[in-house]
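For reference, the structure is listed below as structure tokens.
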Amino acid sequence: MTLTLNFDPLARLLRKASLSYKALFAAMSWKQYLMVNLGTPLLQMLCFSLLSRHVYGEQDLAPWLVGNALVMTYFNAVFGVGSQLSAERSSGTLILLIASPASRMGIFLPRVLLHILDGLLAVFLGFGAALLCFGLSMPAGQGAAFLLVFTVASLCAMSFGLIIACFGLLTRDLNLILNISSMAMLGLTGANFPLSRLPDWLQQVSRLLPLTRSIELCRALQQGQSLAAHWPLLLGEIALALVFMAAGLLLFGLIERLAVKQGMLELF
Amino acid sequence: MGTMIRVLASSAIQQFRTSIGRPMFRFCVVAQPLIFGLLLGFIYLESSPTDFTLYAVFGSGLSAFWSSICFSSASDIHRERWYGTLEIIYAAPAGFSRIVLGKILGNTLWGLFSVLLSLMVVLAGFGKTLVVARPLWLLLGLTLLTIALVAIAYLFAALFTLSRSARVLMNFMEYPVYILCGMLFPQEALPAFLLPLSALLAPAWAIRILRLAILGAPNQAFLPLLGWLLALTLAYIVLALRMFSRIDQKCRVDATLEVY
């Protein structure tokens, strides 16, 4: 038996990404995986799209279909990336992870990679459902622009998930944080009602959340406007993703020290 | 009869006290009605007062009620299995099906609290008034809706006793019930092919009663809805009891109670 070590950084990155992703879903059957990962977000999208059709009418439905399709990516961000460290705790591997000599960036960032693709898949599914079930029309020749915005939206949402994940080091039950974060993204990103209905301070909060800008941008693209006319929104979302990523890494270091000091890592 | 009531009451009180200790349950009964109430309030802000009352005020509370019932019936079985106590309560002389029903009743009390909480928060938060033309029918509808939700939870609990996928299934079942029962929008907004499925759910008939009560329909309009609601609720209870008795056999033959 020979042991081969692969020092190629890209291969290592992909291996870490696939292993952490598999660890999260390995115990599930394919049927369960599809139900959790795509079924529930799709049902939520259909529910809020039907609700929007009732409230805003068939004529004004497109912006809400776009919003609800794009916001589906938060499932991966919150329940996928956000629950990573909590899942490590459940499987008893959190202390091994923390004690490993690997860099924190090396541990943390690869975990986002497959979830970004997964988030993209959810968004495609959402738009597919909007096209098939509600007759959403998409302008021709905007495919690349949409793909870019979807990718940036997914990246930004997953980076936000990294911040949520850090709290998995401190608490035994992350569900409360996960569910409040998911509700905040459903309610405050403008996916389901005009943000102008929110009080001023909540409108400011919504600007600090992932997906708010992406949803606005996607709606503009769906109406046939060009990406170039709205580049500040795209740059804003990319900047937000970088800030979330940096904040996640910083928070990970801080909370890790706190968790070790307080002996919280093995609390189950 | 006295023993049965004592078992139900003990199980319900124990569940009422312990379930709120879990952060996820606190989310279901406190945070979800608040957040859902505000979300639906903002969505229905410029809709008619009856739509606002039915879907923003009651819809948010009822959806949180369903979530707490759904998560309790499913996840309590899952949790007992995880703790290794499922076999113990299963074999208890008090009777497994009674203990489970007691648990559901305990959580139902918290579910009713969710309905009240969202009602107060949405009305206060948006400065709206409750528009109910037939308050007595509304109260009757809410009472029967509660019984129907308990019956569904009882049926699910029986199914989940056999399934190792309870946790996955309970997450998957939340939105279909919101959609099919018309908790967040009228059942008329559903595609036609979903209406027969909606008609098989007792809460859907209860929500129709609530809608008519809010709109102020005459008494005779309520009667067919009441008939369907009672018949379906009774059918769920009979089915659940039969399932519990079949499960008793199956659990012994398959020996899967402890399989996680």
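Chain identifiers are assigned as A, B, and so on, following the order in which chains appear in the structure tokens; residues are numbered from 1 within each chain, and ligands are numbered from 1 in order of appearance.
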What are the residues of chain B lining chain A at 6 Å or less? Count only C-alpha atoms, and put the answer as a list in words.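 Listed by rising number, the hits are Pro23, Met24, Phe27, Leu39, Ile43, Phe172, Ile179 and Phe185 of chain B.
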Using DSSP on the backbone, list every residue of stretch 159-241 of chain B that comes out as alpha helix (DSSP H), and give them as a PyMOL selection string. chain B and resi 159-162+166-181+195-199+202-215+219-241
For stretch 151-163 of chain A, list every protein, DNA or RNA residue within 8 Å, evaluated using only C-alpha atoms, and leave out those in the same chain fewer than 4 positions away; present the list as number ranges by chain. A: 70, 73-74, 76-78, 80-82, 108, 112, 115-117, 119-120, 147, 167, 210-211, 214, 234, 237-238, 240-242, 244-245, 247-249, 251-252
Could you please take those selected residues and save C-alpha atoms as an mmCIF file, in the first residue's frame?
```cif
data_model
loop_
_atom_site.group_PDB
_atom_site.id
_atom_site.type_symbol
_atom_site.label_atom_id
_atom_site.label_comp_id
_atom_site.auth_asym_id
_atom_site.auth_seq_id
_atom_site.Cartn_x
_atom_site.Cartn_y
_atom_site.Cartn_z
ATOM 1 C CA LEU A 70 -32.461 34.786 -6.143
ATOM 2 C CA THR A 73 -29.328 30.971 -2.346
ATOM 3 C CA TYR A 74 -29.542 31.915 1.348
ATOM 4 C CA ASN A 76 -26.941 27.210 1.318
ATOM 5 C CA ALA A 77 -25.391 30.233 2.989
ATOM 6 C CA VAL A 78 -27.201 29.836 6.279
ATOM 7 C CA GLY A 80 -24.886 24.918 4.597
ATOM 8 C CA VAL A 81 -21.948 27.235 5.283
ATOM 9 C CA GLY A 82 -23.423 28.627 8.511
ATOM 10 C CA PHE A 108 -12.325 28.050 6.603
ATOM 11 C CA VAL A 112 -17.469 27.936 0.896
ATOM 12 C CA HIS A 115 -21.766 25.885 -1.524
ATOM 13 C CA ILE A 116 -21.323 28.745 -4.001
ATOM 14 C CA LEU A 117 -21.992 26.278 -6.827
ATOM 15 C CA GLY A 119 -26.321 28.209 -4.293
ATOM 16 C CA LEU A 120 -26.059 28.857 -8.026
ATOM 17 C CA LEU A 147 -24.669 34.459 -14.599
ATOM 18 C CA PHE A 167 -21.002 31.250 16.355
ATOM 19 C CA PRO A 210 -26.163 40.126 1.149
ATOM 20 C CA LEU A 211 -28.551 39.775 -1.828
ATOM 21 C CA SER A 214 -28.138 41.527 -6.339
ATOM 22 C CA LEU A 234 -22.353 44.897 -8.602
ATOM 23 C CA GLU A 237 -22.051 43.360 -3.637
ATOM 24 C CA ILE A 238 -18.481 42.231 -4.391
ATOM 25 C CA LEU A 240 -19.664 43.348 0.754
ATOM 26 C CA ALA A 241 -18.595 39.757 0.003
ATOM 27 C CA LEU A 242 -14.944 40.652 0.681
ATOM 28 C CA PHE A 244 -17.922 39.471 5.096
ATOM 29 C CA MET A 245 -15.062 37.099 4.258
ATOM 30 C CA ALA A 247 -14.911 39.667 9.060
ATOM 31 C CA GLY A 248 -15.565 35.921 9.112
ATOM 32 C CA LEU A 249 -11.847 35.131 9.326
ATOM 33 C CA LEU A 251 -14.260 36.582 14.011
ATOM 34 C CA PHE A 252 -13.168 32.961 13.648
#
```
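Going from atom CA of A:Leu202 to atom CA of B:Ser63 covers 23.9 Å.
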Pick out the residues sitting within 10 Å of stretch 10-16 of chain A, and hand them over as a PyMOL selection string; count only C-alpha atoms, and ignore anything fewer than 6 positions along from it in its own chain. chain A and resi 22+106-111+113-114
Would you put the residues from that selection into a file with C-alpha atoms, as a PDB file, in the first residue's frame?
```pdb
ATOM      1  CA  LYS A  22     -19.598  15.533   1.715  1.00  0.00           C
ATOM      2  CA  GLY A 106      -7.032  27.101   4.789  1.00  0.00           C
ATOM      3  CA  ILE A 107      -9.619  25.498   7.057  1.00  0.00           C
ATOM      4  CA  PHE A 108     -12.325  28.050   6.603  1.00  0.00           C
ATOM      5  CA  LEU A 109     -12.412  29.332   3.035  1.00  0.00           C
ATOM      6  CA  PRO A 110     -12.451  26.076   1.010  1.00  0.00           C
ATOM      7  CA  ARG A 111     -15.697  25.202   2.807  1.00  0.00           C
ATOM      8  CA  LEU A 113     -16.504  26.762  -2.579  1.00  0.00           C
ATOM      9  CA  LEU A 114     -19.011  23.994  -3.300  1.00  0.00           C
TER      10      LEU A 114
END
```
Best match for closeness to B:Thr53 among B:Val100, B:Leu195, B:Leu130, B:Leu105, counting only C-alpha atoms: B:Leu130
For A:Met264, work out the shell of residues within 10 Å, counting only C-alpha atoms and skipping chain neighbours fewer than 4 positions away, then give it as a ChimeraX atom specification. /A:95,169-172,256,258-260,268
Spatial neighbours of B:Ala151, 12 Å, only C-alpha atoms, chain gap at least 2 places, as a PyMOL selection string: chain B and resi 66+69-70+73+100-101+104-105+108+144-149+153-158+201-203+229-241
Please list as a PyMOL selection string every residue within 8 Å of stretch 247-257 of chain B, counting only C-alpha atoms and excluding residues in the same chain fewer than 5 positions away. chain B and resi 81+86-87+158+161-162
